[in-house]
file final.cif (mmCIF, C-alpha atoms)
data_my_file
loop_
_atom_site.label_atom_id
_atom_site.label_comp_id
_atom_site.auth_asym_id
_atom_site.auth_seq_id
_atom_site.Cartn_x
_atom_site.Cartn_y
_atom_site.Cartn_z
CA MET F 1341 -30.46 -14.27 -38.02
CA SER F 1342 -32.41 -17.30 -39.25
CA PHE F 1343 -30.83 -17.50 -42.75
CA GLY F 1344 -34.32 -18.05 -44.12
CA GLN F 1345 -34.79 -21.26 -42.09
CA THR F 1346 -37.55 -22.13 -39.67
CA ALA F 1347 -36.93 -22.25 -35.93
CA GLU F 1348 -37.65 -25.98 -36.01
CA LEU F 1349 -34.99 -26.69 -38.62
CA LEU F 1350 -32.42 -24.55 -36.82
CA ALA F 1351 -33.21 -26.37 -33.57
CA ARG F 1352 -32.75 -29.70 -35.35
CA ILE F 1353 -29.40 -28.61 -36.79
CA GLN F 1354 -28.16 -27.38 -33.42
CA PHE F 1355 -29.28 -30.49 -31.57
CA ALA F 1356 -27.88 -32.80 -34.28
CA PHE F 1357 -24.49 -31.09 -34.03
CA THR F 1358 -24.44 -31.27 -30.24
CA ILE F 1359 -25.49 -34.90 -29.91
CA SER F 1360 -23.26 -36.06 -32.77
CA PHE F 1361 -20.27 -34.38 -31.13
CA HIS F 1362 -21.26 -35.71 -27.69
CA PHE F 1363 -21.76 -39.32 -28.73
CA ILE F 1364 -18.14 -39.68 -29.85
CA PHE F 1365 -16.99 -39.47 -26.24
CA PRO F 1366 -19.39 -41.92 -24.49
CA ALA F 1367 -18.89 -44.43 -27.31
CA PHE F 1368 -15.12 -44.23 -26.85
CA SER F 1369 -15.28 -44.26 -23.04
CA ILE F 1370 -17.52 -47.38 -22.89
CA GLY F 1371 -15.02 -49.46 -24.83
CA LEU F 1372 -11.98 -47.82 -23.26
CA ALA F 1373 -13.23 -48.52 -19.72
CA ALA F 1374 -13.54 -52.21 -20.57
CA PHE F 1375 -10.09 -52.15 -22.20
CA LEU F 1376 -8.59 -50.64 -19.04
CA ALA F 1377 -10.25 -53.32 -16.91
CA VAL F 1378 -8.76 -56.05 -19.12
CA LEU F 1379 -5.30 -54.43 -19.01
CA ASN F 1380 -5.40 -54.13 -15.23
CA ALA F 1381 -6.55 -57.74 -14.84
CA LEU F 1382 -3.75 -58.94 -17.14
CA TRP F 1383 -1.22 -56.95 -15.09
CA LEU F 1384 -2.43 -58.55 -11.85
CA TRP F 1385 -2.43 -62.00 -13.43
CA LYS F 1386 0.82 -62.02 -15.40
CA ARG F 1387 2.75 -59.21 -13.67
CA ASP F 1388 4.05 -58.20 -17.09
CA ALA F 1389 5.02 -54.53 -16.93
CA VAL F 1390 3.78 -53.91 -20.48
CA TYR F 1391 0.15 -54.14 -19.32
CA LEU F 1392 0.75 -51.70 -16.47
CA LYS F 1393 2.44 -49.26 -18.86
CA LEU F 1394 -0.47 -49.49 -21.31
CA PHE F 1395 -2.96 -49.00 -18.50
CA ASP F 1396 -1.20 -45.84 -17.35
CA TYR F 1397 -1.03 -44.61 -20.96
CA TRP F 1398 -4.73 -45.08 -21.72
CA LYS F 1399 -6.13 -44.06 -18.33
CA THR F 1400 -5.12 -40.44 -19.07
CA VAL F 1401 -6.95 -40.59 -22.39
CA PHE F 1402 -9.98 -42.07 -20.64
CA ALA F 1403 -10.06 -39.27 -18.06
CA ILE F 1404 -10.11 -36.63 -20.81
CA VAL F 1405 -12.72 -38.46 -22.88
CA PHE F 1406 -14.91 -39.04 -19.82
CA GLY F 1407 -14.75 -35.36 -18.91
CA MET F 1408 -15.63 -34.25 -22.43
CA GLY F 1409 -18.58 -36.64 -22.45
CA VAL F 1410 -19.92 -35.16 -19.23
CA VAL F 1411 -19.52 -31.54 -20.35
CA SER F 1412 -21.08 -32.07 -23.79
CA GLY F 1413 -23.88 -34.13 -22.25
CA ILE F 1414 -24.90 -31.26 -19.99
CA VAL F 1415 -25.51 -29.12 -23.08
CA ILE F 1416 -27.92 -31.75 -24.42
CA SER F 1417 -29.95 -31.71 -21.21
CA TYR F 1418 -30.44 -27.97 -21.57
CA GLN F 1419 -31.45 -28.35 -25.21
CA PHE F 1420 -34.23 -30.74 -24.22
CA GLY F 1421 -35.83 -27.84 -22.42
CA THR F 1422 -34.94 -25.05 -24.85
CA ASN F 1423 -35.16 -26.62 -28.32
CA TRP F 1424 -37.81 -29.21 -27.51
CA ALA F 1425 -39.83 -27.76 -24.63
CA ARG F 1426 -43.08 -29.21 -25.97
CA PHE F 1427 -41.56 -32.67 -26.16
CA ALA F 1428 -40.10 -32.31 -22.66
CA ASP F 1429 -43.55 -31.39 -21.33
CA LYS F 1430 -45.39 -34.24 -23.08
CA ALA F 1431 -42.84 -37.05 -22.68
CA GLY F 1432 -41.18 -35.83 -19.49
CA PRO F 1433 -43.00 -38.25 -17.13
CA VAL F 1434 -41.39 -41.16 -19.01
CA ILE F 1435 -38.10 -39.75 -20.33
CA GLY F 1436 -37.26 -37.77 -17.16
CA PRO F 1437 -37.07 -40.77 -14.79
CA LEU F 1438 -35.06 -42.80 -17.29
CA MET F 1439 -32.49 -40.00 -17.54
CA GLY F 1440 -32.57 -39.63 -13.76
CA TYR F 1441 -31.90 -43.33 -13.24
CA GLU F 1442 -28.86 -43.01 -15.50
CA VAL F 1443 -27.43 -40.35 -13.23
CA LEU F 1444 -28.30 -42.11 -9.97
CA THR F 1445 -27.17 -45.63 -10.88
CA ALA F 1446 -24.48 -45.14 -13.52
CA PHE F 1447 -22.89 -41.69 -13.42
CA PHE F 1448 -22.53 -41.71 -9.62
CA LEU F 1449 -21.00 -45.21 -9.84
CA GLU F 1450 -18.53 -44.15 -12.51
CA SER F 1451 -17.53 -40.88 -10.91
CA GLY F 1452 -17.37 -42.43 -7.43
CA PHE F 1453 -14.80 -45.04 -8.43
CA LEU F 1454 -13.04 -43.03 -11.14
CA GLY F 1455 -10.67 -41.31 -8.72
CA ILE F 1456 -9.61 -44.63 -7.20
CA ALA F 1457 -9.14 -46.14 -10.66
CA LEU F 1458 -7.00 -43.23 -11.86
CA PHE F 1459 -4.97 -42.37 -8.75
CA GLY F 1460 -5.50 -45.12 -6.18
CA ARG F 1461 -3.14 -47.90 -7.24
CA LYS F 1462 -0.55 -47.02 -4.59
CA ARG F 1463 -3.13 -45.88 -2.03
CA VAL F 1464 -5.40 -48.92 -1.86
CA GLY F 1465 -4.79 -52.63 -2.25
CA PRO F 1466 -4.64 -54.23 -5.69
CA GLY F 1467 -7.97 -55.96 -5.12
CA LEU F 1468 -9.83 -52.74 -4.33
CA HIS F 1469 -8.14 -50.95 -7.20
CA MET F 1470 -9.20 -53.71 -9.62
CA PHE F 1471 -12.74 -53.50 -8.21
CA ALA F 1472 -12.78 -49.73 -8.81
CA VAL F 1473 -11.61 -50.12 -12.41
CA ALA F 1474 -14.25 -52.80 -12.99
CA MET F 1475 -16.98 -50.63 -11.46
CA VAL F 1476 -16.12 -47.78 -13.81
CA ALA F 1477 -16.46 -50.18 -16.73
CA VAL F 1478 -19.76 -51.55 -15.39
CA GLY F 1479 -20.99 -47.99 -14.82
CA THR F 1480 -20.44 -47.08 -18.46
CA LEU F 1481 -22.51 -50.09 -19.53
CA ILE F 1482 -25.30 -49.22 -17.10
CA SER F 1483 -25.27 -45.66 -18.41
CA ALA F 1484 -25.61 -46.95 -21.97
CA THR F 1485 -28.51 -49.16 -20.88
CA TRP F 1486 -30.60 -46.29 -19.49
CA ILE F 1487 -29.86 -43.89 -22.34
CA ILE F 1488 -30.65 -46.52 -24.97
CA ALA F 1489 -33.85 -47.39 -23.09
CA ALA F 1490 -34.95 -43.74 -23.33
CA ASN F 1491 -33.96 -43.47 -26.99
CA SER F 1492 -35.60 -46.77 -27.89
CA TRP F 1493 -38.83 -45.81 -26.17
CA MET F 1494 -39.04 -42.72 -28.38
CA GLN F 1495 -38.79 -44.99 -31.44
CA THR F 1496 -40.98 -47.90 -30.26
CA PRO F 1497 -43.02 -46.59 -27.30
CA ALA F 1498 -44.67 -49.09 -24.98
CA GLY F 1499 -46.07 -49.31 -21.44
CA TYR F 1500 -47.54 -45.79 -21.35
CA GLY F 1501 -50.88 -44.02 -21.08
CA VAL F 1502 -52.00 -40.48 -21.82
CA ASN F 1503 -53.41 -38.27 -19.06
CA ASP F 1504 -55.95 -35.44 -19.34
CA ALA F 1505 -53.14 -32.93 -20.03
CA GLY F 1506 -52.00 -34.93 -23.05
CA GLN F 1507 -48.84 -36.14 -21.34
CA PHE F 1508 -47.38 -39.61 -21.79
CA VAL F 1509 -47.38 -41.22 -18.34
CA PRO F 1510 -45.84 -44.53 -17.26
CA VAL F 1511 -48.16 -47.51 -16.85
CA ASP F 1512 -45.70 -50.42 -16.97
CA TRP F 1513 -42.04 -49.59 -16.37
CA TRP F 1514 -40.88 -53.02 -17.50
CA ALA F 1515 -42.59 -52.49 -20.85
CA ILE F 1516 -41.18 -48.96 -21.08
CA ILE F 1517 -37.58 -50.03 -20.45
CA PHE F 1518 -37.69 -53.29 -22.41
CA ASN F 1519 -39.59 -51.83 -25.34
CA PRO F 1520 -39.48 -53.71 -28.67
CA SER F 1521 -36.35 -52.09 -30.15
CA PHE F 1522 -34.38 -51.83 -26.88
CA PRO F 1523 -32.45 -55.15 -26.99
CA TYR F 1524 -31.30 -54.61 -30.56
CA ARG F 1525 -30.31 -50.98 -30.02
CA LEU F 1526 -28.41 -51.79 -26.82
CA VAL F 1527 -26.39 -54.64 -28.35
CA HIS F 1528 -25.72 -52.61 -31.50
CA THR F 1529 -24.56 -49.56 -29.51
CA VAL F 1530 -22.31 -51.43 -27.08
CA LEU F 1531 -20.68 -53.39 -29.89
CA ALA F 1532 -20.15 -50.12 -31.76
CA ALA F 1533 -18.47 -48.68 -28.66
CA PHE F 1534 -16.10 -51.66 -28.48
CA LEU F 1535 -15.33 -51.30 -32.19
CA THR F 1536 -14.70 -47.58 -31.79
CA THR F 1537 -12.16 -48.26 -29.06
CA ALA F 1538 -10.60 -51.16 -30.96
CA PHE F 1539 -9.91 -49.05 -34.03
CA ALA F 1540 -8.70 -46.05 -32.00
CA VAL F 1541 -6.33 -48.21 -29.94
CA GLY F 1542 -5.29 -50.15 -33.04
CA ALA F 1543 -4.54 -46.97 -34.97
CA THR F 1544 -2.44 -45.65 -32.09
CA GLY F 1545 -0.50 -48.91 -31.88
CA ALA F 1546 -0.01 -48.93 -35.65
CA TRP F 1547 1.35 -45.38 -35.62
CA HIS F 1548 3.90 -46.27 -32.94
CA LEU F 1549 4.87 -49.46 -34.81
CA LEU F 1550 5.52 -47.44 -37.95
CA ARG F 1551 7.97 -45.34 -35.97
CA ASP F 1552 9.57 -48.32 -34.22
CA ASN F 1553 8.55 -51.87 -35.15
CA THR F 1554 10.38 -53.24 -32.09
CA ASN F 1555 8.08 -51.35 -29.70
CA ARG F 1556 6.52 -54.16 -27.66
CA HIS F 1557 3.93 -51.93 -26.00
CA ALA F 1558 2.64 -50.82 -29.39
CA ARG F 1559 2.63 -54.40 -30.69
CA VAL F 1560 0.58 -55.64 -27.70
CA MET F 1561 -2.04 -52.89 -27.96
CA PHE F 1562 -2.26 -53.31 -31.73
CA SER F 1563 -2.71 -57.07 -31.39
CA MET F 1564 -5.38 -56.76 -28.69
CA ALA F 1565 -7.26 -54.15 -30.71
CA MET F 1566 -7.21 -56.12 -33.95
CA TRP F 1567 -8.38 -59.32 -32.23
CA MET F 1568 -11.28 -57.37 -30.73
CA ALA F 1569 -12.16 -55.88 -34.11
CA ALA F 1570 -11.95 -59.26 -35.83
CA LEU F 1571 -14.27 -60.85 -33.26
CA VAL F 1572 -16.79 -58.03 -32.84
CA THR F 1573 -17.20 -56.88 -36.46
CA PRO F 1574 -19.09 -59.96 -37.73
CA ILE F 1575 -21.27 -59.95 -34.62
CA GLN F 1576 -22.04 -56.28 -35.21
CA ILE F 1577 -23.10 -57.04 -38.79
CA VAL F 1578 -25.62 -59.58 -37.54
CA ALA F 1579 -26.83 -57.29 -34.73
CA GLY F 1580 -27.25 -54.41 -37.16
CA ASP F 1581 -29.25 -56.58 -39.52
CA GLN F 1582 -31.49 -57.77 -36.68
CA HIS F 1583 -31.95 -54.18 -35.57
#
call {"tool": "encode", "arguments": {"input": "final.cif", "output": "structure tokens"}}
result
Amino acid sequence: MSFGQTAELLARIQFAFTISFHFIFPAFSIGLAAFLAVLNALWLWKRDAVYLKLFDYWKTVFAIVFGMGVVSGIVISYQFGTNWARFADKAGPVIGPLMGYEVLTAFFLESGFLGIALFGRKRVGPGLHMFAVAMVAVGTLISATWIIAANSWMQTPAGYGVNDAGQFVPVDWWAIIFNPSFPYRLVHTVLAAFLTTAFAVGATGAWHLLRDNTNRHARVMFSMAMWMAALVTPIQIVAGDQH
């Protein structure tokens, strides 16, 4: 049943729903991975048990969010070929490698160290565990870089030629990756991810404080989240305007 709509409009609606649902999870996981790295570093530095408790609390949330991001992202990759087969054929020589680089350099890095970050504290030394947590955080940022490069190229294409088959083919990879809108989109997206995490963590801390205003764990997470929001929000306003 098409409900009187064209196939193109239905494809747009389906893809919009999928990618809107998907993006919630990477945005949250980017900021949450950095938050976990900060918590773990503070635990190693101060040896205050509150940071270890918060790390253990939020690492479970991160594992779920990360998994949901992977599963919903797979659906998008199929929709590139089903909903937008013509686009995949024409822009595939440029978009395909960018998506492939994201998997090879970022997803493998994240998934490779994720197990150590989640379950390896008592199995490896504190230094290696901290390195694993940091690599997961770095991996999320690298992943964002490649995805934003692909998205930005679709908005402000550069560094390409057109072959006899009418396909967009790479001519200058530096120009393709660092296309005109890429820096602004990357900064804007990463800051948005940090804000997403700040407000989610802050809301959780606030809820626990409403139940018990002597809860030190809730007070620490609420304070850290609100400081992040206070610092990042004005920067995001400027970045959004520049974008």
call {"tool": "residues_near_point", "arguments": {"input": "final.cif", "point": "(-49.9, -38.0, -24.6)", "cutoff": "12 Å", "atoms": "only C-alpha atoms", "output": "list in words"}}
result
Arg1426, Phe1427, Ala1428, Asp1429, Lys1430, Ala1431, Gly1432, Pro1433, Val1434, Pro1497, Tyr1500, Gly1501, Val1502, Asn1503, Asp1504, Ala1505, Gly1506, Gln1507, Phe1508, Val1509 and Pro1510 of chain F
call {"tool": "write_last_selection", "arguments": {"input": "final.cif", "atoms": "C-alpha atoms", "output": "PDB file, keeping the file's coordinate frame"}}
result
ATOM      1  CA  ARG F1426     -43.080 -29.210 -25.970  1.00  0.00           C
ATOM      2  CA  PHE F1427     -41.560 -32.670 -26.160  1.00  0.00           C
ATOM      3  CA  ALA F1428     -40.100 -32.310 -22.660  1.00  0.00           C
ATOM      4  CA  ASP F1429     -43.550 -31.390 -21.330  1.00  0.00           C
ATOM      5  CA  LYS F1430     -45.390 -34.240 -23.080  1.00  0.00           C
ATOM      6  CA  ALA F1431     -42.840 -37.050 -22.680  1.00  0.00           C
ATOM      7  CA  GLY F1432     -41.180 -35.830 -19.490  1.00  0.00           C
ATOM      8  CA  PRO F1433     -43.000 -38.250 -17.130  1.00  0.00           C
ATOM      9  CA  VAL F1434     -41.390 -41.160 -19.010  1.00  0.00           C
ATOM     10  CA  PRO F1497     -43.020 -46.590 -27.300  1.00  0.00           C
ATOM     11  CA  TYR F1500     -47.540 -45.790 -21.350  1.00  0.00           C
ATOM     12  CA  GLY F1501     -50.880 -44.020 -21.080  1.00  0.00           C
ATOM     13  CA  VAL F1502     -52.000 -40.480 -21.820  1.00  0.00           C
ATOM     14  CA  ASN F1503     -53.410 -38.270 -19.060  1.00  0.00           C
ATOM     15  CA  ASP F1504     -55.950 -35.440 -19.340  1.00  0.00           C
ATOM     16  CA  ALA F1505     -53.140 -32.930 -20.030  1.00  0.00           C
ATOM     17  CA  GLY F1506     -52.000 -34.930 -23.050  1.00  0.00           C
ATOM     18  CA  GLN F1507     -48.840 -36.140 -21.340  1.00  0.00           C
ATOM     19  CA  PHE F1508     -47.380 -39.610 -21.790  1.00  0.00           C
ATOM     20  CA  VAL F1509     -47.380 -41.220 -18.340  1.00  0.00           C
ATOM     21  CA  PRO F1510     -45.840 -44.530 -17.260  1.00  0.00           C
TER      22      PRO F1510
END
call {"tool": "residues_around", "arguments": {"input": "final.cif", "residues": "range 1447-1454 of chain F", "least_positions_apart": "3", "cutoff": "7 Å", "atoms": "only C-alpha atoms", "output": "PyMOL selection string"}}
result
chain F and resi 1442-1444+1457-1458+1472+1475-1476+1479-1480+1483
call {"tool": "write_last_selection", "arguments": {"input": "final.cif", "atoms": "C-alpha atoms", "output": "compact mmCIF listing (two decimals), in the frame of the given file"}}
result
# COMPACT_ATOMS: atom_id res chain seq x y z
CA GLU F 1442 -28.86 -43.01 -15.50
CA VAL F 1443 -27.43 -40.35 -13.23
CA LEU F 1444 -28.30 -42.11 -9.97
CA ALA F 1457 -9.14 -46.14 -10.66
CA LEU F 1458 -7.00 -43.23 -11.86
CA ALA F 1472 -12.78 -49.73 -8.81
CA MET F 1475 -16.98 -50.63 -11.46
CA VAL F 1476 -16.12 -47.78 -13.81
CA GLY F 1479 -20.99 -47.99 -14.82
CA THR F 1480 -20.44 -47.08 -18.46
CA SER F 1483 -25.27 -45.66 -18.41
call {"tool": "atom_distance", "arguments": {"input": "final.cif", "atom1": "CA of Tyr1418 in chain F", "atom2": "CA of Ala1498 in chain F"}}
result
25.7 Å
call {"tool": "atom_distance", "arguments": {"input": "final.cif", "atom1": "CA of Leu1379 in chain F", "atom2": "CA of Val1410 in chain F"}}
result
24.2 Å
call {"tool": "closest_residue", "arguments": {"input": "final.cif", "among": "F:Asn1380, F:Asn1553, F:Gln1582, F:Ser1563", "to": "Pro1466 in chain F", "atoms": "all atoms listed in the file"}}
result
F:Asn1380
call {"tool": "closest_residue", "arguments": {"input": "final.cif", "among": "F:Leu1350, F:Trp1493, F:Thr1537, F:Ser1417", "to": "Leu1376 in chain F", "atoms": "all atoms listed in the file"}}
result
F:Thr1537
call {"tool": "resolve_selection", "arguments": {"input": "final.cif", "expression": "the PyMOL selection byres ((chain F and resi 1516-1532) around 7)", "output": "JSON, numbers by chain"}}
result
{"F": [1485, 1488, 1489, 1492, 1493, 1496, 1497, 1498, 1499, 1512, 1513, 1514, 1515, 1533, 1534, 1535, 1536, 1572, 1576, 1579, 1580, 1582, 1583]}
call {"tool": "closest_residue", "arguments": {"input": "final.cif", "among": "F:Thr1544, F:Thr1400, F:Thr1422, F:Ser1360", "to": "Met1564 in chain F", "atoms": "only C-alpha atoms"}}
result
F:Thr1544
call {"tool": "residues_around", "arguments": {"input": "final.cif", "residues": "Ala1490 in chain F", "least_positions_apart": "3", "cutoff": "8 Å", "atoms": "all atoms listed in the file", "output": "list in words"}}
result
Ile1435, Leu1438, Met1439, Trp1486, Ile1487, Trp1493, Met1494 and Ile1517 of chain F
call {"tool": "decode", "arguments": {"input": "final.cif", "residues": "range 1540-1576 of chain F", "atoms": "N, CA and C atoms", "output": "CSV table (one decimal), in the first residue's frame"}}
result
chain,number,residue,atom,x,y,z
F,1540,ALA,N,22.0,14.4,29.3
F,1540,ALA,CA,21.5,13.1,29.8
F,1540,ALA,C,22.0,12.8,31.1
F,1541,VAL,N,23.4,13.0,31.3
F,1541,VAL,CA,24.0,12.7,32.6
F,1541,VAL,C,23.5,13.7,33.7
F,1542,GLY,N,23.3,14.9,33.3
F,1542,GLY,CA,22.8,15.9,34.2
F,1542,GLY,C,21.4,15.6,34.7
F,1543,ALA,N,20.5,15.2,33.8
F,1543,ALA,CA,19.2,14.8,34.1
F,1543,ALA,C,19.1,13.6,35.0
F,1544,THR,N,20.0,12.7,34.8
F,1544,THR,CA,20.1,11.5,35.6
F,1544,THR,C,20.5,11.9,37.1
F,1545,GLY,N,21.5,12.7,37.1
F,1545,GLY,CA,22.0,13.2,38.4
F,1545,GLY,C,20.9,14.0,39.2
F,1546,ALA,N,20.2,14.8,38.4
F,1546,ALA,CA,19.2,15.6,39.0
F,1546,ALA,C,18.0,14.8,39.6
F,1547,TRP,N,17.7,13.7,38.9
F,1547,TRP,CA,16.6,12.8,39.3
F,1547,TRP,C,17.0,12.1,40.6
F,1548,HIS,N,18.3,11.7,40.7
F,1548,HIS,CA,18.7,11.0,41.9
F,1548,HIS,C,18.8,12.0,43.1
F,1549,LEU,N,19.2,13.3,42.8
F,1549,LEU,CA,19.3,14.3,43.8
F,1549,LEU,C,17.9,14.7,44.4
F,1550,LEU,N,16.9,14.6,43.5
F,1550,LEU,CA,15.5,14.9,44.0
F,1550,LEU,C,15.1,13.8,44.9
F,1551,ARG,N,15.6,12.6,44.7
F,1551,ARG,CA,15.2,11.5,45.6
F,1551,ARG,C,16.0,11.5,46.9
F,1552,ASP,N,17.3,12.0,46.8
F,1552,ASP,CA,18.2,12.0,48.0
F,1552,ASP,C,19.2,13.1,47.7
F,1553,ASN,N,19.0,14.3,48.3
F,1553,ASN,CA,20.0,15.4,48.0
F,1553,ASN,C,21.3,15.2,48.8
F,1554,THR,N,21.5,14.1,49.5
F,1554,THR,CA,22.8,13.8,50.1
F,1554,THR,C,23.6,12.8,49.3
F,1555,ASN,N,23.1,12.4,48.1
F,1555,ASN,CA,23.7,11.4,47.3
F,1555,ASN,C,24.9,12.1,46.6
F,1556,ARG,N,26.1,11.7,47.1
F,1556,ARG,CA,27.3,12.4,46.5
F,1556,ARG,C,27.6,12.0,45.1
F,1557,HIS,N,27.3,10.7,44.8
F,1557,HIS,CA,27.5,10.3,43.4
F,1557,HIS,C,26.7,11.1,42.4
F,1558,ALA,N,25.4,11.3,42.8
F,1558,ALA,CA,24.5,12.1,41.9
F,1558,ALA,C,25.0,13.5,41.8
F,1559,ARG,N,25.5,14.1,43.0
F,1559,ARG,CA,25.9,15.5,43.0
F,1559,ARG,C,27.2,15.7,42.1
F,1560,VAL,N,28.1,14.7,42.1
F,1560,VAL,CA,29.3,14.8,41.3
F,1560,VAL,C,28.9,14.7,39.8
F,1561,MET,N,28.1,13.8,39.4
F,1561,MET,CA,27.8,13.6,38.0
F,1561,MET,C,27.0,14.8,37.5
F,1562,PHE,N,26.1,15.4,38.4
F,1562,PHE,CA,25.3,16.5,38.0
F,1562,PHE,C,26.2,17.8,37.8
F,1563,SER,N,27.2,17.9,38.7
F,1563,SER,CA,28.1,19.0,38.6
F,1563,SER,C,29.0,19.0,37.4
F,1564,MET,N,29.5,17.8,37.1
F,1564,MET,CA,30.4,17.6,35.9
F,1564,MET,C,29.6,17.9,34.6
F,1565,ALA,N,28.3,17.4,34.6
F,1565,ALA,CA,27.5,17.6,33.4
F,1565,ALA,C,27.1,19.0,33.2
F,1566,MET,N,26.8,19.8,34.3
F,1566,MET,CA,26.4,21.1,34.1
F,1566,MET,C,27.6,22.0,33.8
F,1567,TRP,N,28.8,21.7,34.3
F,1567,TRP,CA,29.9,22.5,33.9
F,1567,TRP,C,30.2,22.3,32.4
F,1568,MET,N,30.1,21.0,31.9
F,1568,MET,CA,30.3,20.8,30.5
F,1568,MET,C,29.3,21.5,29.7
F,1569,ALA,N,28.0,21.5,30.1
F,1569,ALA,CA,27.0,22.2,29.3
F,1569,ALA,C,27.2,23.7,29.3
F,1570,ALA,N,27.6,24.3,30.5
F,1570,ALA,CA,27.9,25.7,30.5
F,1570,ALA,C,29.0,26.1,29.7
F,1571,LEU,N,30.1,25.3,29.5
F,1571,LEU,CA,31.2,25.6,28.7
F,1571,LEU,C,31.0,25.4,27.2
F,1572,VAL,N,30.3,24.3,26.9
F,1572,VAL,CA,30.1,23.9,25.5
F,1572,VAL,C,29.0,24.7,24.8
F,1573,THR,N,27.9,25.0,25.5
F,1573,THR,CA,26.8,25.7,24.9
F,1573,THR,C,27.1,27.0,24.1
F,1574,PRO,N,27.8,27.9,24.7
F,1574,PRO,CA,28.2,29.1,24.0
F,1574,PRO,C,29.1,28.8,22.8
F,1575,ILE,N,30.0,27.9,22.9
F,1575,ILE,CA,30.9,27.5,21.8
F,1575,ILE,C,30.0,26.9,20.7
F,1576,GLN,N,29.0,26.1,21.0
F,1576,GLN,CA,28.1,25.5,20.0
F,1576,GLN,C,27.3,26.6,19.3
